[in-house]
file start_18.txt (compact mmCIF, C-alpha atoms)
# COMPACT_ATOMS: atom_id res chain seq x y z
CA MET A 1 -26.24 25.61 -3.24
CA THR A 2 -25.15 22.58 -1.28
CA THR A 3 -27.48 19.96 0.10
CA GLY A 4 -26.51 17.50 2.80
CA LEU A 5 -27.65 13.92 2.88
CA ALA A 6 -26.58 11.05 5.04
CA ARG A 7 -26.99 7.35 4.90
CA PRO A 8 -24.47 5.19 6.74
CA ARG A 9 -23.35 2.16 4.82
CA PRO A 10 -22.50 -1.33 6.06
CA ALA A 11 -18.89 -2.14 6.75
CA PRO A 12 -16.76 -2.56 3.61
CA ALA A 13 -15.52 -5.88 2.38
CA ALA A 14 -12.27 -4.55 0.93
CA GLU A 15 -10.39 -1.39 0.28
CA GLY A 16 -10.49 0.26 -3.10
CA ALA A 17 -9.24 3.27 -4.94
CA GLU A 18 -10.12 4.92 -8.18
CA VAL A 19 -7.71 7.05 -10.17
CA ILE A 20 -9.41 9.81 -12.09
CA THR A 21 -7.56 11.26 -15.03
CA VAL A 22 -7.71 15.02 -15.18
CA ALA A 23 -7.06 16.99 -18.35
CA SER A 24 -3.96 19.12 -18.25
CA GLY A 25 -4.40 22.86 -18.07
CA GLY A 26 -4.10 25.33 -20.91
CA PHE A 27 -5.69 23.06 -23.47
CA VAL A 28 -8.80 23.88 -25.45
CA PRO A 29 -10.49 20.90 -27.11
CA ASP A 30 -11.50 21.08 -30.74
CA LEU A 31 -15.12 21.06 -31.78
CA LEU A 32 -16.82 17.91 -30.71
CA GLU A 33 -17.68 15.28 -33.20
CA GLU A 34 -20.55 12.99 -32.37
CA VAL A 35 -20.23 9.36 -33.26
CA ARG A 36 -23.09 6.97 -32.89
CA VAL A 37 -22.33 3.56 -31.42
CA GLU A 38 -24.69 0.71 -32.00
CA PRO A 39 -25.74 -1.04 -28.81
CA VAL A 40 -23.84 -4.19 -28.00
CA GLU A 41 -25.96 -5.38 -25.16
CA LEU A 42 -29.44 -4.70 -26.43
CA GLU A 43 -31.61 -7.75 -26.19
CA LEU A 44 -34.62 -8.27 -28.36
CA ALA A 45 -37.67 -9.40 -26.52
CA PRO A 46 -39.42 -12.50 -27.82
CA GLN A 47 -42.26 -11.85 -30.20
CA ALA A 48 -45.42 -13.81 -29.85
CA GLY A 49 -46.72 -12.90 -33.27
CA GLY A 50 -50.25 -12.00 -34.15
CA ALA A 51 -52.04 -8.68 -33.94
CA ASN A 52 -51.58 -6.48 -30.91
CA LYS A 53 -54.49 -6.19 -28.53
CA PHE A 54 -53.48 -2.68 -27.52
CA VAL A 55 -52.63 0.21 -29.80
CA ASP A 56 -50.98 3.52 -29.15
CA ASN A 57 -53.43 6.36 -29.64
CA GLY A 58 -50.68 8.92 -29.12
CA GLY A 59 -51.87 10.51 -25.89
CA ALA A 60 -49.80 11.23 -22.82
CA VAL A 61 -48.02 8.45 -20.93
CA LEU A 62 -46.03 8.47 -17.69
CA GLN A 63 -42.45 7.61 -18.63
CA VAL A 64 -41.18 7.61 -15.02
CA THR A 65 -44.15 7.37 -12.69
CA GLN A 66 -43.79 9.16 -9.39
CA LEU A 67 -46.29 7.50 -7.08
CA TYR A 68 -47.57 9.61 -4.22
CA LEU A 69 -49.77 7.83 -1.67
CA ILE A 70 -52.43 9.70 0.28
CA TYR A 71 -54.19 7.91 3.13
CA TRP A 72 -57.56 9.55 3.58
CA GLY A 73 -59.32 9.52 6.93
CA ASN A 74 -58.63 9.38 10.66
CA ALA A 75 -58.84 5.58 10.61
CA TRP A 76 -55.21 5.65 9.49
CA THR A 77 -54.10 7.09 12.83
CA ALA A 78 -56.39 5.01 15.04
CA ASN A 79 -55.09 3.25 18.10
CA PRO A 80 -54.57 0.35 17.69
CA PRO A 81 -53.41 1.07 14.12
CA PRO A 82 -55.23 -0.44 11.15
CA THR A 83 -54.11 -3.54 9.33
CA PRO A 84 -52.20 -2.99 7.17
CA THR A 85 -50.68 0.27 8.36
CA SER A 86 -49.90 3.18 6.11
CA GLY A 87 -46.22 2.45 6.63
CA GLN A 88 -46.59 -1.13 5.45
CA ILE A 89 -48.40 -0.01 2.32
CA ALA A 90 -45.74 2.61 1.61
CA ASN A 91 -42.91 0.13 2.07
CA ALA A 92 -44.57 -2.42 -0.18
CA SER A 93 -45.25 0.22 -2.82
CA ARG A 94 -41.64 1.42 -2.71
CA THR A 95 -40.46 -2.15 -3.21
CA MET A 96 -42.88 -2.71 -6.07
CA MET A 97 -41.81 0.45 -7.91
CA ALA A 98 -38.13 -0.55 -7.65
CA SER A 99 -38.74 -4.14 -8.68
CA SER A 100 -38.83 -5.64 -12.16
CA TYR A 101 -42.60 -5.21 -12.26
CA LEU A 102 -42.72 -2.15 -14.50
CA THR A 103 -39.86 -3.18 -16.81
CA GLY A 104 -42.32 -4.92 -19.13
CA LEU A 105 -43.80 -1.52 -19.99
CA ALA A 106 -40.74 -0.73 -22.13
CA GLN A 107 -42.63 -2.20 -25.09
CA TYR A 108 -45.16 0.60 -24.69
CA ARG A 109 -43.31 3.67 -25.95
CA GLY A 110 -40.28 2.93 -23.76
CA ILE A 111 -42.03 3.46 -20.43
CA GLY A 112 -39.76 2.66 -17.49
CA ARG A 113 -39.87 2.05 -13.81
CA GLY A 114 -40.89 4.78 -11.42
CA PHE A 115 -40.50 5.33 -7.74
CA LEU A 116 -42.45 6.17 -4.62
CA ARG A 117 -42.26 9.94 -4.41
CA GLY A 118 -43.78 10.18 -0.95
CA SER A 119 -46.88 9.73 1.13
CA ALA A 120 -49.16 11.67 3.45
CA VAL A 121 -51.88 10.85 5.96
CA VAL A 122 -54.81 13.27 5.88
CA THR A 123 -57.12 13.10 8.87
CA ALA A 124 -58.85 16.45 8.50
CA SER A 125 -61.77 14.74 6.78
CA ASN A 126 -63.08 11.25 6.12
CA PRO A 127 -64.08 9.77 2.78
CA PRO A 128 -67.81 9.16 2.46
CA ASN A 129 -68.89 5.61 1.98
CA GLY A 130 -70.14 5.47 -1.59
CA PHE A 131 -67.66 8.12 -2.74
CA THR A 132 -67.44 9.33 -6.33
CA ASP A 133 -64.52 10.27 -8.58
CA ASN A 134 -65.53 13.90 -8.24
CA GLN A 135 -65.39 13.73 -4.46
CA VAL A 136 -61.93 12.23 -4.58
CA ALA A 137 -60.79 14.90 -7.04
CA THR A 138 -62.21 17.63 -4.81
CA PHE A 139 -60.44 16.15 -1.79
CA LEU A 140 -57.12 15.97 -3.67
CA ASP A 141 -57.50 19.49 -5.00
CA GLY A 142 -58.07 20.74 -1.48
CA GLN A 143 -54.86 19.10 -0.30
CA LEU A 144 -52.92 20.60 -3.18
CA ASN A 145 -54.36 24.03 -2.39
CA ALA A 146 -53.54 23.66 1.29
CA GLY A 147 -50.04 22.43 0.59
CA THR A 148 -50.52 19.28 2.65
CA VAL A 149 -49.65 17.35 -0.49
CA PRO A 150 -46.95 18.59 -2.90
CA GLY A 151 -47.93 19.61 -6.41
CA PRO A 152 -47.01 17.59 -9.48
CA ASP A 153 -43.33 17.29 -10.33
CA VAL A 154 -41.94 19.49 -13.11
CA ASP A 155 -42.59 16.79 -15.72
CA ASN A 156 -46.08 16.01 -14.43
CA GLN A 157 -45.28 12.35 -13.97
CA THR A 158 -46.86 12.22 -10.52
CA LEU A 159 -49.66 9.76 -9.89
CA TYR A 160 -51.55 10.55 -6.70
CA CYS A 161 -53.05 7.42 -5.20
CA ILE A 162 -55.68 7.88 -2.52
CA VAL A 163 -55.91 4.86 -0.25
CA MET A 164 -59.27 4.43 1.47
CA PRO A 165 -59.81 3.11 4.98
CA GLN A 166 -61.13 -0.40 5.29
CA GLY A 167 -64.85 -0.62 4.59
CA VAL A 168 -65.17 2.57 2.55
CA ASN A 169 -66.34 1.78 -0.95
CA SER A 170 -67.04 3.53 -4.20
CA SER A 171 -70.47 4.53 -5.42
CA SER A 172 -69.87 1.94 -8.11
CA ALA A 173 -69.67 -1.05 -5.82
CA SER A 174 -68.18 -3.29 -8.51
CA PHE A 175 -65.11 -1.06 -8.79
CA ILE A 176 -62.38 -1.62 -6.22
CA GLY A 177 -59.93 0.82 -7.77
CA GLU A 178 -59.78 3.36 -10.55
CA HIS A 179 -57.46 5.90 -12.09
CA THR A 180 -58.46 9.06 -13.90
CA PHE A 181 -57.52 12.75 -13.98
CA TYR A 182 -58.90 16.22 -13.49
CA THR A 183 -57.72 19.59 -14.72
CA ARG A 184 -56.28 22.11 -12.27
CA SER A 185 -55.19 25.51 -13.55
CA GLY A 186 -54.79 24.01 -16.99
CA GLN A 187 -52.72 21.07 -15.78
CA ARG A 188 -53.84 17.48 -15.80
CA ILE A 189 -53.71 15.95 -12.32
CA ARG A 190 -53.48 12.18 -12.59
CA PHE A 191 -54.87 10.27 -9.65
CA ALA A 192 -56.16 6.90 -8.58
CA TRP A 193 -58.18 5.67 -5.66
CA ILE A 194 -58.11 2.21 -4.18
CA THR A 195 -60.32 0.45 -1.71
CA ASN A 196 -59.08 -1.57 1.22
CA ASN A 197 -60.24 -4.96 2.45
CA GLY A 198 -57.71 -5.04 5.25
CA THR A 199 -55.07 -7.18 3.56
CA LEU A 200 -51.79 -5.85 2.22
CA SER A 201 -51.70 -8.26 -0.71
CA ARG A 202 -55.09 -7.08 -1.92
CA ILE A 203 -54.08 -3.43 -1.62
CA THR A 204 -50.79 -3.87 -3.51
CA THR A 205 -52.60 -5.88 -6.16
CA ILE A 206 -54.91 -2.94 -6.80
CA ILE A 207 -52.14 -0.35 -6.60
CA SER A 208 -50.02 -2.28 -9.10
CA HIS A 209 -52.98 -2.55 -11.46
CA GLU A 210 -53.64 1.18 -11.32
CA VAL A 211 -49.96 2.10 -11.70
CA VAL A 212 -49.42 0.14 -14.92
CA GLU A 213 -52.66 1.44 -16.37
CA ALA A 214 -51.96 5.04 -15.39
CA ALA A 215 -48.44 4.80 -16.80
CA THR A 216 -49.61 3.56 -20.18
CA ASP A 217 -52.84 5.52 -20.34
CA PRO A 218 -53.18 8.29 -17.75
CA GLU A 219 -55.89 10.16 -19.63
CA GLY A 220 -57.65 7.54 -21.72
CA SER A 221 -55.82 8.59 -24.86
CA ALA A 222 -52.71 6.39 -25.13
CA PHE A 223 -52.58 2.57 -25.03
CA LEU A 224 -56.11 1.29 -25.39
CA GLY A 225 -57.52 -2.07 -26.41
CA VAL A 226 -58.77 -2.67 -29.89
CA ALA A 227 -62.46 -3.43 -30.31
CA GLY A 228 -63.44 -6.62 -28.55
CA THR A 229 -60.46 -6.68 -26.18
CA CYS A 230 -62.37 -5.80 -23.02
CA SER A 231 -65.83 -6.76 -21.94
CA GLN A 232 -66.25 -3.84 -19.55
CA SER A 233 -67.22 -0.28 -20.36
CA GLY A 234 -64.84 2.66 -20.04
CA TRP A 235 -61.15 2.78 -20.88
CA CYS A 236 -59.89 -0.65 -21.94
CA GLU A 237 -56.34 -0.83 -20.57
CA ILE A 238 -53.55 -3.35 -20.20
CA GLY A 239 -54.54 -4.40 -16.69
CA ASP A 240 -58.16 -4.97 -17.51
CA ILE A 241 -57.81 -8.32 -19.23
CA CYS A 242 -55.47 -9.87 -16.68
CA SER A 243 -56.41 -11.13 -13.24
CA THR A 244 -53.58 -13.39 -12.09
CA THR A 245 -51.25 -12.25 -9.36
CA SER A 246 -47.65 -12.98 -8.54
CA THR A 247 -45.18 -12.06 -5.82
CA LEU A 248 -42.15 -9.90 -6.57
CA ASP A 249 -39.66 -9.18 -3.81
CA GLY A 250 -42.36 -10.13 -1.31
CA VAL A 251 -45.04 -7.87 -2.78
CA THR A 252 -48.17 -9.19 -4.46
CA VAL A 253 -48.81 -7.60 -7.85
CA GLN A 254 -51.27 -8.15 -10.65
CA SER A 255 -50.20 -9.24 -14.12
CA TYR A 256 -50.76 -7.01 -17.13
CA TRP A 257 -51.04 -7.59 -20.83
CA SER A 258 -47.89 -7.77 -22.91
CA ASP A 259 -48.42 -7.43 -26.63
CA GLN A 260 -44.83 -8.62 -27.05
CA ALA A 261 -45.40 -11.85 -25.18
CA GLY A 262 -49.01 -12.24 -26.25
CA SER A 263 -50.00 -12.99 -22.68
CA CYS A 264 -50.45 -11.53 -19.22
CA VAL A 265 -47.07 -11.04 -17.57
CA VAL A 266 -45.36 -10.15 -14.34
CA PRO A 267 -41.81 -9.52 -15.58
CA ALA A 268 -38.87 -10.96 -13.69
CA TRP A 269 -35.32 -9.73 -13.93
CA PRO A 270 -33.37 -11.27 -16.81
CA ALA A 271 -30.63 -13.68 -15.77
CA ARG A 272 -27.48 -11.57 -15.94
CA THR A 273 -24.20 -11.76 -14.10
CA TYR A 274 -22.60 -8.78 -12.37
CA PRO A 275 -20.17 -7.25 -12.74
CA ARG A 276 -20.02 -7.69 -16.52
CA VAL A 277 -17.39 -6.05 -18.67
CA GLY A 278 -16.92 -5.52 -22.39
CA VAL A 279 -15.73 -3.26 -25.17
CA GLN A 280 -18.56 -1.13 -26.52
CA TRP A 281 -16.61 0.46 -29.35
CA ARG A 282 -13.13 1.25 -30.66
CA GLY A 283 -12.09 4.64 -31.91
CA SER A 284 -9.35 7.18 -32.05
CA VAL A 285 -8.98 10.81 -31.19
CA PRO A 286 -6.70 13.15 -33.13
CA ALA A 287 -3.93 14.95 -31.27
CA ARG A 288 -5.07 17.67 -28.86
CA SER A 289 -8.73 17.32 -29.69
CA SER A 290 -11.96 15.83 -28.39
CA ARG A 291 -14.56 13.59 -29.93
CA ARG A 292 -17.91 12.58 -28.56
CA TRP A 293 -19.66 9.25 -28.89
CA PHE A 294 -23.09 8.15 -27.83
CA THR A 295 -24.33 4.67 -27.12
CA PHE A 296 -27.99 4.03 -26.59
CA ASN A 297 -30.69 1.63 -25.39
CA TRP A 298 -29.01 0.86 -22.09
CA PRO A 299 -31.66 -0.18 -19.54
CA GLU A 300 -32.06 2.36 -16.79
CA TRP A 301 -32.07 -0.38 -14.15
CA GLU A 302 -28.38 -1.17 -14.51
CA LEU A 303 -25.47 0.96 -13.35
CA VAL A 304 -22.58 1.24 -15.82
CA ASP A 305 -19.07 2.51 -15.29
CA TRP A 306 -16.96 3.60 -18.28
CA ARG A 307 -13.23 3.55 -18.99
CA MET A 308 -11.48 4.80 -22.11
CA LEU A 309 -8.44 2.60 -22.49
CA PRO A 310 -5.68 3.73 -24.91
CA THR A 311 -4.46 1.01 -27.23
CA SER A 312 -1.69 3.24 -28.57
CA VAL A 313 1.25 2.45 -26.33
CA ARG A 314 3.04 5.59 -25.26
CA PRO A 315 4.53 5.57 -21.76
CA GLY A 316 5.34 8.63 -19.70
CA ALA A 317 2.23 10.80 -19.59
CA PRO A 318 -1.56 10.58 -19.52
CA GLN A 319 -3.07 10.14 -22.98
CA LEU A 320 -6.84 10.39 -22.58
CA SER A 321 -9.45 11.87 -20.32
CA TRP A 322 -13.20 11.48 -20.68
CA ARG A 323 -16.48 12.78 -19.41
CA VAL A 324 -19.75 10.90 -19.25
CA ALA A 325 -23.12 12.60 -19.66
CA LEU A 326 -26.52 10.94 -19.58
CA GLU A 327 -29.76 11.22 -21.47
CA ARG A 328 -32.98 9.50 -20.50
CA ALA A 329 -34.19 8.76 -24.00
CA ALA A 330 -37.30 7.11 -22.60
CA GLY A 331 -38.35 5.90 -19.20
CA ASN A 332 -36.58 2.58 -19.62
CA PHE A 333 -33.63 3.59 -21.80
CA LEU A 334 -30.48 5.57 -21.20
CA THR A 335 -28.09 7.02 -23.74
CA TYR A 336 -24.50 7.57 -22.63
CA TRP A 337 -22.69 10.53 -24.20
CA ILE A 338 -18.96 10.11 -23.74
CA THR A 339 -16.52 12.85 -24.64
CA VAL A 340 -12.96 11.63 -25.04
CA THR A 341 -10.09 14.11 -24.99
CA ASN A 342 -6.63 13.40 -26.33
CA LEU A 343 -4.07 15.04 -24.07
CA THR A 344 -1.10 14.34 -26.32
CA ASP A 345 0.43 15.64 -29.54
CA GLN A 346 -0.25 12.38 -31.39
CA ASP A 347 -3.40 10.51 -32.35
CA VAL A 348 -4.54 8.01 -29.75
CA ALA A 349 -6.53 4.86 -30.46
CA PHE A 350 -8.60 3.46 -27.64
CA GLU A 351 -11.30 1.08 -26.54
CA GLY A 352 -14.49 2.30 -24.93
CA ARG A 353 -14.94 -0.22 -22.17
CA TYR A 354 -17.91 -0.64 -19.91
CA CYS A 355 -18.47 -2.42 -16.64
CA VAL A 356 -22.07 -3.13 -15.74
CA LEU A 357 -21.76 -3.01 -11.99
CA GLY A 358 -25.18 -4.22 -11.00
CA ARG A 359 -28.89 -3.65 -10.95
CA ILE A 360 -30.34 -0.63 -9.23
CA MET B 1 -22.45 -5.55 -5.08
CA ILE B 2 -24.63 -3.16 -3.14
CA THR B 3 -26.46 -0.59 -5.22
CA GLY B 4 -29.02 2.07 -4.46
CA THR B 5 -30.36 5.55 -4.99
CA GLN B 6 -28.95 8.11 -2.57
CA PHE B 7 -30.99 11.19 -3.43
CA ARG B 8 -33.30 12.79 -5.95
CA GLY B 9 -33.63 16.39 -6.97
CA THR B 10 -34.48 18.88 -9.68
CA LEU B 11 -32.16 21.19 -11.56
CA ALA B 12 -33.33 24.40 -13.19
CA PRO B 13 -32.35 25.04 -16.82
CA ASN B 14 -28.55 25.09 -17.16
CA GLN B 15 -28.15 24.97 -13.40
CA THR B 16 -25.23 23.39 -11.63
CA GLN B 17 -25.79 22.27 -8.05
CA ARG B 18 -23.66 20.48 -5.52
CA TRP B 19 -24.81 17.88 -3.01
CA PHE B 20 -22.85 16.19 -0.30
CA THR B 21 -23.44 12.85 1.33
CA PHE B 22 -21.49 11.86 4.40
CA ASN B 23 -20.58 9.08 6.82
CA TRP B 24 -19.47 6.69 4.11
CA PRO B 25 -16.83 4.25 5.33
CA ALA B 26 -13.45 5.31 4.00
CA THR B 27 -12.59 1.76 3.05
CA GLN B 28 -15.44 1.40 0.57
CA HIS B 29 -15.05 1.87 -3.16
CA VAL B 30 -18.16 3.71 -4.26
CA ILE B 31 -19.04 4.54 -7.86
CA TRP B 32 -21.60 7.22 -8.61
CA GLU B 33 -23.92 7.73 -11.56
CA VAL B 34 -26.45 10.52 -11.98
CA VAL B 35 -29.48 9.54 -14.03
CA PRO B 36 -32.10 11.96 -15.35
CA ASN B 37 -35.63 11.11 -14.33
CA THR B 38 -36.87 13.47 -17.00
CA ALA B 39 -37.24 11.51 -20.22
CA ARG B 40 -36.22 13.82 -23.03
CA PRO B 41 -34.70 12.15 -26.08
CA GLY B 42 -32.18 13.76 -28.38
CA ALA B 43 -29.31 15.10 -26.32
CA ALA B 44 -27.33 14.65 -23.15
CA GLU B 45 -29.19 16.04 -20.14
CA VAL B 46 -26.80 15.88 -17.20
CA ASP B 47 -23.20 15.30 -16.29
CA TRP B 48 -21.55 15.18 -12.91
CA ASP B 49 -18.28 15.35 -11.01
CA VAL B 50 -17.39 13.62 -7.77
CA ALA B 51 -15.02 15.06 -5.17
CA LEU B 52 -13.99 13.51 -1.89
CA GLU B 53 -13.44 14.77 1.63
CA ARG B 54 -11.83 12.71 4.37
CA ALA B 55 -14.08 13.72 7.25
CA ASP B 56 -12.34 11.61 9.89
CA ASP B 57 -10.23 8.50 10.16
CA ALA B 58 -13.08 6.21 9.29
CA HIS B 59 -15.38 8.20 7.05
CA VAL B 60 -15.50 10.16 3.82
CA THR B 61 -17.91 12.68 2.39
CA TYR B 62 -18.76 12.63 -1.29
CA TRP B 63 -19.37 15.99 -2.94
CA ILE B 64 -21.31 15.51 -6.15
CA THR B 65 -21.65 18.41 -8.56
CA ILE B 66 -24.42 17.90 -11.10
CA SER B 67 -24.98 20.07 -14.16
CA ASN B 68 -28.13 20.38 -16.21
CA LEU B 69 -26.93 20.60 -19.82
CA THR B 70 -30.31 21.61 -21.20
CA ASN B 71 -32.52 24.66 -21.38
CA ALA B 72 -35.32 23.03 -19.40
CA SER B 73 -35.68 21.67 -15.87
CA VAL B 74 -34.36 18.17 -15.33
CA GLN B 75 -35.16 15.80 -12.50
CA ILE B 76 -32.30 13.58 -11.41
CA GLU B 77 -31.39 10.78 -9.10
CA ALA B 78 -27.91 9.95 -7.82
CA ARG B 79 -27.19 6.24 -7.79
CA TYR B 80 -24.29 4.42 -6.21
CA ALA B 81 -22.63 1.05 -6.41
CA ILE B 82 -20.36 -0.16 -3.64
CA ALA B 83 -17.83 -2.26 -5.49
CA ALA B 84 -16.04 -3.46 -2.38
call {"tool": "encode", "arguments": {"input": "start_18.txt", "output": "C-alpha cells"}}
result
Amino acid sequence: MTTGLARPRPAPAAEGAEVITVASGGFVPDLLEEVRVEPVELELAPQAGGANKFVDNGGAVLQVTQLYLIYWGNAWTANPPPTPTSGQIANASRTMMASSYLTGLAQYRGIGRGFLRGSAVVTASNPPNGFTDNQVATFLDGQLNAGTVPGPDVDNQTLYCIVMPQGVNSSSASFIGEHTFYTRSGQRIRFAWITNNGTLSRITTIISHEVVEAATDPEGSAFLGVAGTCSQSGWCEIGDICSTTSTLDGVTVQSYWSDQAGSCVVPAWPARTYPRVGVQWRGSVPARSSRRWFTFNWPEWELVDWRMLPTSVRPGAPQLSWRVALERAAGNFLTYWITVTNLTDQDVAFEGRYCVLGRI
Amino acid sequence: MITGTQFRGTLAPNQTQRWFTFNWPATQHVIWEVVPNTARPGAAEVDWDVALERADDAHVTYWITISNLTNASVQIEARYAIAA
C-alpha cells in the first residue's frame, strides 16, 4: 500500500547528494553477530542527593503520550469565536509536546516526549456547569462509540483531554483540571478535563500539568509521592507540589517535580552544537559476512545519520554496506541496530561514525 | 538545519508499507530516519529504505519503505533533516 503526503519545503541553501552503497548480488551474509556498543554521548544528569519524593509503584505509564484534544460545547463554534480559539489551543499544545518540556520525564522509567495526535470540536451537547468525572467519561465514551473521536492508539498511549468552554466548572470548584481513567470493553481509557478562564496561558498551564501527571501516573498506580509529599487528598503526583510556570517556545507551562534535580523543573534543551560528528565504535567484519552492532541510550529528540567507514585501504571496489534499524527502548531512548556487511574476500576494519544532524 | 516529522503511521506485525512524499525541492539534501513510537525494549523494531523519483525539473518525490521487524504492531514516525 502506498500513501501520499505532501509538504512543500523552503528553497534550498545548497545542492547536495548522497551516495548509497548497495550490496552486490548473489551474496548471502553469514549469521549475524550482535555486538553491544557502550554509549559515547550519554550524559548523566546531576543528582541532587537525598531521598526521592516520588517512587515507582510499577503501574502503567505513558511512554509516548498521544494527546487528543476535545473541545466540548457549541461555545467553541460561536461567532465571534471564543478567546482563545480551539485552533490556538491546539497549536500551543502541539508546540508544548514537541518542546523540551517532557524531556525531564526520562528519569521516570524513561518516559519521553509525546505529540498532539489530533483534536475535535463536539457541539452536539454542552457540558453542564458543575460537571463530574463520570459525566465527562460518559461524554467521551459516547464520542468513541459514535466515531466522532478516534479510539486509543494500538499501544494505548492516548490521553484524551476535554477542554471546557469558559465559565463551565467542575462540581469540585477547587479543581481546575484533573486526569483519570475509565474502563471501556476491558481497556483503560485515559482522559483529562480542563477548565477555561479565557486565557491561553492558563489553559496551557493546566494542560501541561495534566500531561506530565498522566504520563507518569495515568491510573494512580505508578509514580506517586511518598507519605507527606502532598497536602491534598487523592493521587499525589509530580505536578502537585509545583506551582511555578515558565515559557517554552512561547507556550506557558507548569513546572513539575524532578527527583533527580531535587526541585521543580521546566527542562530546557541542553546546550549542544549541530551537526556533531564522532566515532561511536571501531570493529571489523570477516570476509563475505555480516555483523550487527547496537548502540543505546540515544535521546529520541536528536536525528542521527550513520556511516561505516572502512579503515582497511583497498581501492577498486566497494568494501562495506550497512543497514540501520531502530528500537524505541523507552519513550526517551533509542537503540540503533546497525548491520555491517563486508562485500569483499578479505576482512575489513572500519569505524562506525555518527553525525547528529539536529534536534527534532 | 531544518528538521521535522513528515508523517506518522502504524504497521501491522511484520508488515512492510511504502509511503511517498512529494514536492521536495530537487536541490535539497534530505536525510530520513524512521523512529518507532511504540516503546518496546529488547530488539530492533523497524528499518527503512529511501528511493527517489525526479518528478519534474524542480522537485523530487521520496518513496520510503518501512518494515516492521517484530511480531506486534508498531507505530512509527518519519523524520527528516534538510542538511542543505
call {"tool": "residues_around", "arguments": {"input": "start_18.txt", "residues": "A:Phe54", "least_positions_apart": "4", "cutoff": "10 Å", "atoms": "only C-alpha atoms", "output": "number ranges by chain"}}
result
A: 108, 222-227, 229, 236-238, 257-259
call {"tool": "residues_around", "arguments": {"input": "start_18.txt", "residues": "stretch 208-211 of chain A", "least_positions_apart": "6", "cutoff": "6 Å", "atoms": "all atoms listed in the file", "output": "ChimeraX atom specification"}}
result
/A:239,253-254
call {"tool": "closest_residue", "arguments": {"input": "start_18.txt", "among": "A:Ile206, A:Leu303, A:Cys230, A:Ala317", "to": "chain B", "atoms": "all atoms listed in the file"}}
result
A:Leu303
call {"tool": "closest_residue", "arguments": {"input": "start_18.txt", "among": "A:Thr295, A:Gln88, A:Ser290, A:Gln143", "to": "chain B", "atoms": "all atoms listed in the file"}}
result
A:Thr295
call {"tool": "interface_residues", "arguments": {"input": "start_18.txt", "of": "chain B", "to": "chain A", "cutoff": "7 Å", "atoms": "all atoms listed in the file", "output": "PyMOL selection string"}}
result
chain B and resi 1+3-4+17-25+27-29+35-47+81+84
call {"tool": "atom_distance", "arguments": {"input": "start_18.txt", "atom1": "atom CA of A:Gln232", "atom2": "atom CA of A:Ala261"}}
result
23.0 Å
call {"tool": "residues_near_point", "arguments": {"input": "start_18.txt", "point": "(-72.1, 9.4, -4.1)", "cutoff": "12 Å", "atoms": "only C-alpha atoms", "output": "JSON, numbers by chain"}}
result
{"A": [127, 128, 129, 130, 131, 132, 133, 134, 135, 136, 168, 169, 170, 171, 172, 173]}
call {"tool": "atom_distance", "arguments": {"input": "start_18.txt", "atom1": "atom CA of A:Met308", "atom2": "atom CA of A:Arg282"}}
result
9.4 Å
call {"tool": "atom_distance", "arguments": {"input": "start_18.txt", "atom1": "atom CA of B:Tyr80", "atom2": "atom CA of A:Leu105"}}
result
24.6 Å
call {"tool": "closest_residue", "arguments": {"input": "start_18.txt", "among": "B:Ile31, B:Ala26, B:Val60, B:Ala51", "to": "B:Ile2", "atoms": "only C-alpha atoms"}}
result
B:Ile31
call {"tool": "axis_aligned_box", "arguments": {"input": "start_18.txt", "around": "stretch 30-47 of chain B", "padding_each_side": "5 Å", "output": "AutoDock Vina command-line options"}}
result
--center_x -27.7 --center_y 9.9 --center_z -16.3 --size_x 29.1 --size_y 22.3 --size_z 34.1
call {"tool": "residues_around", "arguments": {"input": "start_18.txt", "residues": "A:Ser93", "least_positions_apart": "6", "cutoff": "8 Å", "atoms": "all atoms listed in the file", "output": "list in words"}}
result
Leu116, Thr204 and Ile207 of chain A
call {"tool": "residues_around", "arguments": {"input": "start_18.txt", "residues": "A:Leu144", "least_positions_apart": "6", "cutoff": "12 Å", "atoms": "only C-alpha atoms", "output": "list in words"}}
result
Ile70, Ala120, Val122, Ala137, Thr138, Pro150, Gly151, Pro152, Tyr160, Arg184, Ser185 and Ile189 of chain A
call {"tool": "residues_around", "arguments": {"input": "start_18.txt", "residues": "B:Leu52", "least_positions_apart": "4", "cutoff": "7 Å", "atoms": "only C-alpha atoms", "output": "list in words"}}
result
Val60, Thr61, Tyr62 and Trp63 of chain B
